[in-house]
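> Below is the file data.cif, which contains mmCIF, C-alpha atoms.
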```cif
data_protein
loop_
_atom_site.label_atom_id
_atom_site.label_comp_id
_atom_site.auth_asym_id
_atom_site.auth_seq_id
_atom_site.Cartn_x
_atom_site.Cartn_y
_atom_site.Cartn_z
CA MET A 1 -5.00 -3.45 74.93
CA GLY A 2 -4.15 -0.48 72.68
CA LEU A 3 -0.93 -0.05 70.71
CA ARG A 4 0.48 2.53 73.09
CA THR A 5 -0.20 0.34 76.13
CA ALA A 6 1.37 -2.69 74.42
CA CYS A 7 4.43 -0.73 73.41
CA PHE A 8 4.73 0.58 76.97
CA TRP A 9 4.90 -2.94 78.39
CA ILE A 10 7.40 -3.97 75.72
CA ARG A 11 9.66 -1.08 76.68
CA LEU A 12 9.41 -2.14 80.32
CA ARG A 13 10.56 -5.64 79.30
CA GLY A 14 13.64 -4.16 77.58
CA MET A 15 12.52 -5.03 74.06
CA ILE A 16 12.86 -2.96 70.88
CA ARG A 17 10.31 -0.16 70.89
CA GLY A 18 7.52 -0.44 68.33
CA GLY A 19 5.93 2.41 66.43
CA PHE A 20 9.29 3.63 65.05
CA LEU A 21 8.20 3.74 61.42
CA SER A 22 6.62 6.77 59.81
CA PRO A 23 3.52 6.22 57.61
CA ARG A 24 5.72 6.70 54.51
CA GLN A 25 8.25 4.12 55.73
CA ARG A 26 5.50 1.59 56.45
CA SER A 27 4.05 2.21 53.00
CA ASP A 28 7.44 1.62 51.32
CA LEU A 29 8.01 -1.61 53.24
CA LYS A 30 4.53 -2.89 52.46
CA ALA A 31 5.07 -2.11 48.78
CA LEU A 32 8.17 -4.33 48.83
CA LEU A 33 6.21 -7.19 50.36
CA ARG A 34 3.44 -6.92 47.76
CA ASP A 35 5.80 -6.66 44.80
CA GLY A 36 6.18 -10.10 43.27
CA HIS A 37 9.64 -9.17 41.93
CA THR A 38 11.15 -8.38 45.34
CA GLU A 39 13.92 -10.78 46.31
CA GLN A 40 12.89 -13.10 49.14
CA ARG A 41 15.72 -12.04 51.45
CA LEU A 42 14.76 -8.38 51.14
CA ALA A 43 11.08 -9.19 51.63
CA ARG A 44 11.91 -11.03 54.89
CA ARG A 45 13.80 -8.01 56.18
CA ALA A 46 10.93 -5.70 55.29
CA ASN A 47 8.51 -8.10 57.00
CA ALA A 48 10.66 -8.11 60.12
CA MET A 49 10.69 -4.29 60.31
CA LEU A 50 6.91 -4.16 60.00
CA LEU A 51 6.43 -6.76 62.73
CA LEU A 52 8.82 -4.93 65.06
CA ASP A 53 6.93 -1.72 64.37
CA ASP A 54 3.76 -3.59 65.39
CA CYS A 55 5.40 -4.18 68.77
CA TRP A 56 6.51 -7.75 68.23
CA ASN A 57 9.73 -8.49 70.10
CA CYS A 58 12.84 -9.86 68.37
CA GLU A 59 12.28 -13.39 69.63
CA GLU A 60 8.73 -13.46 68.26
CA VAL A 61 9.79 -12.10 64.88
CA ALA A 62 12.68 -14.56 64.69
CA GLN A 63 10.38 -17.47 65.51
CA ALA A 64 7.80 -16.39 62.90
CA LEU A 65 10.42 -15.99 60.15
CA TYR A 66 12.58 -18.98 61.20
CA LEU A 67 15.58 -16.82 62.09
CA ASP A 68 17.64 -16.17 65.19
CA ASP A 69 16.83 -13.10 67.26
CA ASP A 70 20.35 -11.63 66.85
CA THR A 71 19.79 -11.49 63.08
CA VAL A 72 16.57 -9.54 63.63
CA ARG A 73 18.35 -7.13 65.97
CA GLY A 74 21.08 -6.65 63.38
CA TRP A 75 18.52 -5.81 60.71
CA ARG A 76 16.86 -3.31 63.04
CA LYS A 77 20.21 -1.64 63.69
CA THR A 78 20.97 -1.56 59.97
CA TYR A 79 17.60 0.04 59.23
CA ASP A 80 18.21 2.68 61.92
CA GLU A 81 21.55 3.61 60.36
CA ASP A 82 20.54 4.11 56.73
CA GLY A 83 16.90 3.14 56.28
CA LEU A 84 15.61 0.96 53.50
CA GLU A 85 18.59 1.55 51.23
CA ASP A 86 20.97 0.00 53.75
CA LEU A 87 18.55 -2.87 54.31
CA ARG A 88 19.02 -3.83 50.64
CA ARG A 89 22.69 -4.72 51.16
CA PHE A 90 23.57 -8.41 51.18
CA GLU A 91 27.36 -8.51 51.52
CA ALA A 92 28.76 -11.53 53.31
CA GLY A 93 29.69 -10.92 56.93
CA GLY A 94 26.92 -8.47 57.75
CA SER A 95 27.18 -4.72 58.08
CA ALA A 96 30.86 -4.83 59.00
CA SER A 97 31.75 -5.80 55.44
CA HIS A 98 29.90 -2.91 53.72
CA LEU A 99 31.99 -1.02 51.22
CA SER A 100 33.18 2.36 52.31
CA GLN A 101 32.47 5.40 50.16
CA ALA A 102 36.04 5.32 48.85
CA GLN A 103 35.68 1.64 47.94
CA GLU A 104 32.38 2.30 46.18
CA GLU A 105 34.02 5.10 44.21
CA GLU A 106 36.85 2.76 43.20
CA LEU A 107 34.32 0.11 42.18
CA SER A 108 32.45 2.70 40.10
CA ALA A 109 35.68 3.67 38.37
CA PHE A 110 36.42 0.00 37.65
CA VAL A 111 33.01 -0.53 36.06
CA ARG A 112 33.15 2.69 34.05
CA GLU A 113 36.60 1.91 32.72
CA GLY A 114 36.32 -1.82 32.09
CA LEU A 115 32.59 -2.28 31.29
CA PRO A 116 32.53 -5.79 32.81
CA ARG A 117 30.28 -8.23 30.99
CA SER A 118 29.15 -10.16 34.07
CA THR A 119 28.75 -9.82 37.82
CA ARG A 120 31.40 -12.54 38.13
CA GLU A 121 34.05 -10.05 36.98
CA VAL A 122 32.78 -7.53 39.54
CA ALA A 123 32.85 -10.16 42.31
CA VAL A 124 36.45 -11.09 41.45
CA PHE A 125 37.46 -7.42 41.58
CA LEU A 126 35.81 -6.89 44.99
CA HIS A 127 37.36 -10.03 46.43
CA GLN A 128 40.86 -9.34 45.12
CA ARG A 129 40.84 -5.61 45.83
CA PHE A 130 38.91 -5.35 49.12
CA GLY A 131 38.53 -8.92 50.37
CA VAL A 132 34.74 -8.62 50.17
CA ALA A 133 32.80 -11.70 49.11
CA TYR A 134 29.16 -11.40 48.08
CA GLU A 135 26.62 -14.07 48.92
CA SER A 136 24.77 -13.94 45.62
CA ARG A 137 24.60 -12.50 42.14
CA SER A 138 21.41 -10.63 43.08
CA GLY A 139 23.29 -8.80 45.82
CA LEU A 140 25.89 -7.61 43.33
CA ILE A 141 23.17 -6.51 40.94
CA ALA A 142 21.50 -4.50 43.71
CA LEU A 143 24.82 -2.84 44.54
CA LEU A 144 25.50 -1.92 40.91
CA HIS A 145 22.00 -0.51 40.54
CA ARG A 146 22.46 1.57 43.66
CA LEU A 147 25.69 2.97 42.20
CA GLY A 148 23.80 4.02 39.07
CA PHE A 149 24.78 1.25 36.63
CA GLU A 150 22.54 -0.74 34.29
CA TYR A 151 23.10 -3.95 32.35
CA ARG A 152 22.94 -2.81 28.73
CA LYS A 153 23.46 -4.52 25.40
CA PRO A 154 25.71 -2.49 23.07
CA GLN A 155 24.20 -1.25 19.85
CA THR A 156 25.90 -2.14 16.60
CA PHE A 157 26.59 0.05 13.60
CA GLY A 158 28.78 -0.04 10.55
CA ARG A 159 32.39 0.96 11.04
CA GLY A 160 32.18 3.32 8.07
CA MET A 161 28.93 5.04 9.11
CA ASP A 162 28.98 8.80 8.44
CA ALA A 163 26.52 11.12 10.21
CA ASP A 164 26.92 13.94 7.68
CA LYS A 165 26.08 11.64 4.79
CA GLN A 166 22.98 10.49 6.65
CA ARG A 167 21.80 14.06 7.14
CA ALA A 168 22.42 14.85 3.48
CA PHE A 169 20.47 11.76 2.42
CA ILE A 170 17.50 12.60 4.65
CA HIS A 171 17.46 16.17 3.37
CA ALA A 172 17.56 15.00 -0.28
CA TYR A 173 14.84 12.42 0.37
CA GLU A 174 12.50 14.95 1.95
CA LYS A 175 13.17 17.40 -0.88
CA LEU A 176 12.28 14.70 -3.41
CA LEU A 177 9.02 13.86 -1.65
CA ASN A 178 8.03 17.51 -1.64
CA SER A 179 8.66 17.84 -5.38
CA LEU A 180 6.96 14.68 -6.68
CA SER A 181 4.49 15.05 -9.51
CA PRO A 182 1.33 12.87 -9.72
CA ASP A 183 3.01 10.51 -12.18
CA GLU A 184 6.01 9.79 -9.93
CA THR A 185 6.33 7.36 -7.03
CA VAL A 186 8.95 6.28 -4.48
CA LEU A 187 9.86 2.70 -3.55
CA PHE A 188 12.48 1.02 -1.37
CA ALA A 189 14.23 -2.19 -2.48
CA ASP A 190 16.41 -4.79 -0.78
CA ALA A 191 17.20 -8.50 -0.65
CA VAL A 192 16.44 -10.84 2.26
CA HIS A 193 17.60 -14.41 2.85
CA PRO A 194 15.48 -16.00 5.62
CA LEU A 195 16.81 -19.32 6.87
CA TYR A 196 14.35 -22.20 7.17
CA GLY A 197 13.83 -22.66 10.89
CA ALA A 198 12.24 -21.17 13.97
CA ARG A 199 13.64 -18.23 15.93
CA ALA A 200 13.16 -18.57 19.67
CA VAL A 201 12.05 -15.32 21.33
CA GLY A 202 10.80 -14.50 24.81
CA CYS A 203 7.14 -15.00 25.65
CA TRP A 204 4.78 -14.98 28.63
CA ALA A 205 4.02 -18.45 29.94
CA PRO A 206 2.67 -20.20 33.07
CA PRO A 207 5.36 -20.66 35.72
CA ASP A 208 4.95 -24.43 35.73
CA GLU A 209 5.60 -24.78 31.98
CA THR A 210 8.86 -24.55 30.02
CA PRO A 211 8.23 -23.30 26.45
CA ALA A 212 10.28 -24.84 23.66
CA VAL A 213 10.46 -24.53 19.88
CA ALA A 214 11.17 -27.49 17.61
CA GLN A 215 14.17 -26.91 15.37
CA THR A 216 14.70 -28.12 11.82
CA ALA A 217 17.52 -30.34 10.64
CA GLY A 218 18.04 -28.57 7.30
CA ARG A 219 19.75 -25.26 6.59
CA GLU A 220 17.87 -24.26 3.45
CA ARG A 221 17.69 -20.55 2.71
CA LEU A 222 15.07 -18.59 0.78
CA ASN A 223 16.39 -15.77 -1.42
CA ILE A 224 14.03 -12.87 -2.05
CA MET A 225 14.53 -9.54 -3.79
CA GLY A 226 11.72 -7.10 -3.18
CA ALA A 227 10.45 -3.54 -3.36
CA LEU A 228 7.99 -1.73 -1.08
CA ASP A 229 5.74 1.27 -1.64
CA LEU A 230 5.34 3.05 1.71
CA GLU A 231 2.38 5.06 0.48
CA THR A 232 0.15 2.13 -0.42
CA GLY A 233 1.85 -0.95 1.07
CA LYS A 234 2.09 -2.48 -2.42
CA THR A 235 4.98 -4.94 -2.67
CA THR A 236 6.95 -6.53 -5.49
CA MET A 237 8.57 -9.75 -4.27
CA LEU A 238 10.60 -12.20 -6.37
CA GLU A 239 12.09 -15.51 -5.32
CA VAL A 240 15.55 -15.62 -6.89
CA GLU A 241 18.55 -17.94 -7.03
CA GLY A 242 20.80 -15.30 -5.52
CA ALA A 243 21.29 -11.55 -5.17
CA ASP A 244 23.12 -10.80 -8.42
CA ALA A 245 22.84 -8.33 -11.29
CA ALA A 246 20.44 -10.52 -13.28
CA SER A 247 18.11 -10.81 -10.27
CA ALA A 248 18.26 -7.05 -9.71
CA ILE A 249 17.22 -6.44 -13.31
CA ARG A 250 14.36 -8.92 -12.93
CA LEU A 251 13.15 -6.90 -9.94
CA PHE A 252 13.43 -3.59 -11.81
CA GLU A 253 11.44 -4.99 -14.72
CA ALA A 254 8.76 -6.30 -12.37
CA VAL A 255 8.52 -2.90 -10.68
CA GLU A 256 8.10 -1.08 -14.00
CA ALA A 257 5.41 -3.58 -15.01
CA LYS A 258 3.53 -3.02 -11.73
CA TYR A 259 3.50 0.77 -12.23
CA PRO A 260 2.60 1.21 -15.93
CA LEU A 261 1.12 4.69 -15.43
CA MET A 262 4.12 6.15 -13.63
CA ALA A 263 6.47 8.22 -15.73
CA ARG A 264 9.23 7.95 -13.15
CA ILE A 265 9.82 5.46 -10.35
CA HIS A 266 12.34 6.51 -7.71
CA LEU A 267 13.87 3.35 -6.28
CA PHE A 268 15.99 3.61 -3.12
CA LEU A 269 18.39 0.73 -2.42
CA ASP A 270 21.70 -0.07 -0.76
CA ASN A 271 25.18 -0.25 -2.23
CA ALA A 272 25.31 -4.00 -2.84
CA PRO A 273 27.79 -4.85 -5.65
CA CYS A 274 25.00 -6.18 -7.87
CA HIS A 275 23.31 -2.78 -7.87
CA HIS A 276 26.43 -1.17 -9.35
CA ALA A 277 27.21 -3.98 -11.80
CA LEU A 278 27.94 -3.17 -15.43
CA LEU A 279 24.94 -5.23 -16.51
CA VAL A 280 22.65 -3.10 -14.34
CA ARG A 281 24.17 0.16 -15.63
CA GLN A 282 23.67 -0.98 -19.21
CA TRP A 283 20.06 -1.86 -18.50
CA MET A 284 19.46 1.55 -16.89
CA GLU A 285 20.82 3.28 -20.04
CA GLN A 286 18.29 1.63 -22.31
CA PRO A 287 15.67 3.96 -23.85
CA GLY A 288 12.37 4.09 -22.04
CA ARG A 289 13.65 3.07 -18.64
CA ARG A 290 11.44 4.73 -16.01
CA ILE A 291 13.34 3.71 -12.89
CA ARG A 292 15.77 6.14 -11.24
CA LEU A 293 18.11 4.61 -8.67
CA HIS A 294 18.93 6.42 -5.42
CA PHE A 295 21.59 4.87 -3.19
CA ILE A 296 21.38 4.87 0.59
CA PRO A 297 24.60 5.87 2.41
CA PRO A 298 26.92 2.93 3.15
CA TYR A 299 26.40 0.99 6.41
CA CYS A 300 22.99 2.60 7.00
CA PRO A 301 20.28 -0.09 6.87
CA HIS A 302 18.20 2.05 9.24
CA LEU A 303 17.61 4.41 6.32
CA ASN A 304 15.88 1.69 4.29
CA PRO A 305 12.33 1.06 5.58
CA ILE A 306 12.05 -2.30 3.82
CA GLU A 307 14.64 -3.59 6.31
CA ARG A 308 11.96 -3.07 8.95
CA LEU A 309 9.52 -5.07 6.86
CA TRP A 310 11.88 -8.05 7.05
CA GLY A 311 11.71 -7.79 10.83
CA VAL A 312 7.91 -7.73 10.74
CA MET A 313 7.99 -10.78 8.49
CA HIS A 314 10.13 -12.73 10.95
CA LYS A 315 7.85 -11.72 13.82
CA HIS A 316 4.86 -13.26 12.06
CA ILE A 317 6.51 -16.25 10.36
CA THR A 318 9.59 -17.49 12.26
CA HIS A 319 9.33 -16.22 15.85
CA ASN A 320 8.43 -19.26 17.96
CA ARG A 321 6.93 -20.93 14.89
CA CYS A 322 8.18 -23.98 13.06
CA CYS A 323 6.93 -25.05 9.63
CA ARG A 324 6.63 -28.73 8.74
CA ASN A 325 9.02 -28.44 5.80
CA TYR A 326 10.91 -25.94 3.67
CA ARG A 327 8.17 -25.79 1.06
CA GLU A 328 5.64 -24.68 3.67
CA PHE A 329 8.15 -22.18 5.09
CA ALA A 330 8.80 -20.59 1.67
CA ALA A 331 5.09 -20.46 0.89
CA ASN A 332 4.33 -18.74 4.22
CA VAL A 333 7.06 -16.14 3.77
CA LEU A 334 6.11 -15.29 0.19
CA SER A 335 2.40 -15.24 0.97
CA PHE A 336 2.99 -12.86 3.86
CA LEU A 337 5.11 -10.46 1.78
CA LYS A 338 3.06 -10.62 -1.42
CA GLU A 339 -0.48 -10.79 -0.07
CA LYS A 340 -0.85 -10.10 3.62
CA VAL A 341 1.33 -6.98 3.78
CA PRO A 342 -0.56 -5.07 1.03
CA ARG A 343 -3.93 -6.30 2.30
CA ARG A 344 -3.24 -5.36 5.92
CA TRP A 345 -0.95 -2.42 5.37
CA CYS A 346 -2.93 -0.33 7.87
CA ASP A 347 -1.80 -2.81 10.56
CA PHE A 348 1.88 -2.78 9.55
CA ARG A 349 2.56 0.76 8.37
CA ASP A 350 3.36 2.11 11.86
CA SER A 351 6.18 -0.45 12.12
CA VAL A 352 7.56 0.21 8.62
CA THR A 353 8.04 3.94 8.20
CA ASP A 354 10.41 6.53 6.77
CA ASN A 355 10.74 8.25 10.13
CA PHE A 356 14.49 8.42 9.67
CA ARG A 357 17.04 9.32 12.33
CA VAL A 358 20.74 10.03 12.22
CA ILE A 359 22.99 7.59 14.07
CA ASP A 360 26.16 9.44 14.96
CA PRO A 361 29.03 7.20 16.14
CA ARG A 362 30.34 10.13 18.14
CA ASN A 363 27.35 9.79 20.48
CA PHE A 364 28.42 6.29 21.51
CA ARG A 365 31.24 4.84 23.51
CA VAL A 366 32.66 2.44 20.95
CA MET A 367 34.03 -0.70 22.61
CA ALA A 368 37.33 -2.05 21.33
#
```
Go ahead and express the file in the form of structure tokens.


Amino acid sequence: MGLRTACFWIRLRGMIRGGFLSPRQRSDLKALLRDGHTEQRLARRANAMLLLDDCWNCEEVAQALYLDDDTVRGWRKTYDEDGLEDLRRFEAGGSASHLSQAQEEELSAFVREGLPRSTREVAVFLHQRFGVAYESRSGLIALLHRLGFEYRKPQTFGRGMDADKQRAFIHAYEKLLNSLSPDETVLFADAVHPLYGARAVGCWAPPDETPAVAQTAGRERLNIMGALDLETGKTTMLEVEGADAASAIRLFEAVEAKYPLMARIHLFLDNAPCHHALLVRQWMEQPGRRIRLHFIPPYCPHLNPIERLWGVMHKHITHNRCCRNYREFAANVLSFLKEKVPRRWCDFRDSVTDNFRVIDPRNFRVMA
């Protein structure tokens, strides 16, 4: 029996007519079924529409999906009214409890104004304001997505960040690079204080396994002051007691010793108090000093490429990795920064660059 003949007999029996889906609609519904991320409730609705289109009657579809036939008829009516988009709704009480356009606009205004941190806050608003209760968190998420909202983590930046100072710094830096003589070089310096322990980060894993990272009992911290040459990947890394003026001078002396043929070494660094200390200024005024300090604008770590190197270090040493003891941890960190980075600079240089950008606070909605 062909499809047309079967559908004819179904119509005679008073059932829902099959063949109501266009090829595009069938394709969209099949894509939902094959997508492993589709919520089960939505997949069941899509499956029901496809079976009805294949001339199954409501009772047969309900029996196959372990539903009642009135539910299947309700889904068919919902799909007729607004297609797949309406089929995605999961408000409690069925289609009668759908938000009106005015209610959706009021919900949008609430989200835009209040920036709720969880769907729980949205659910409370809908219940108190409209008496609408949602069955699940996923239903609320689908609604918010349909209204054009995304769950986003706010960016952070220094309260005193100045866009004009950033532009001026970038312009001066580029001008310096374009005027360097063969006996001049540019380095970036900073301090880092990695804490002994593992950092848990997301990873792909089998669904039947729960990844875990062993944590350490101690809270020992490694203090490092270092400098990085973006051109060659050469590093100067010192383990120090703390980031103070004496440690800064030790770093400067190590840098000058590593570049004996350079008449001038341009060292870019942040505005930490130790870099402006009297002891450092006195050292800089000594005859024969080849280092010239250039200070990055306040609250702008994104303008110091060595900050990115610290992130690369954590990715390779502490992310989902736990050392047996602090001594092993310190040795791994220092070995990575002193040896592996210069040796494999071609692998790391794309992640540690001077491709600077201006972060303008005026382009953000700053949350109170």

> Go ahead and compute the interatomic distance for atom CA of A:Arg344 and atom CA of A:Leu228, in Å to one decimal.

13.7 Å

> Run the PyMOL selection byres ((chain A and resi 53) around 6) mentally over the shown coordinates, then write out the matched residues as number ranges by chain, using the chain letters and numbers from the document.

A: 18-20, 50-52, 54-55

> So which residues get picked by the PyMOL selection byres ((chain A and resi 292-306) around 10) here, written as a PyMOL selection string?

chain A and resi 157-170+173+186-192+226-230+235+252+264-272+275-276+284+289-291+307-312+351-359

> Would you compute the distance between atom CA of A:Ile317 and atom CA of A:Leu195? Give it in Å to one decimal.

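Taking atom CA of A:Ile317 and atom CA of A:Leu195, their separation equals 11.3 Å.
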
> Under the rule that all atoms listed in the file are counted, which of A:Ala263, A:Leu21, A:Leu144, A:Val201 is the nearest residue to A:Pro116?

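Answer, going by the shortest atom-to-atom distance: A:Leu144.
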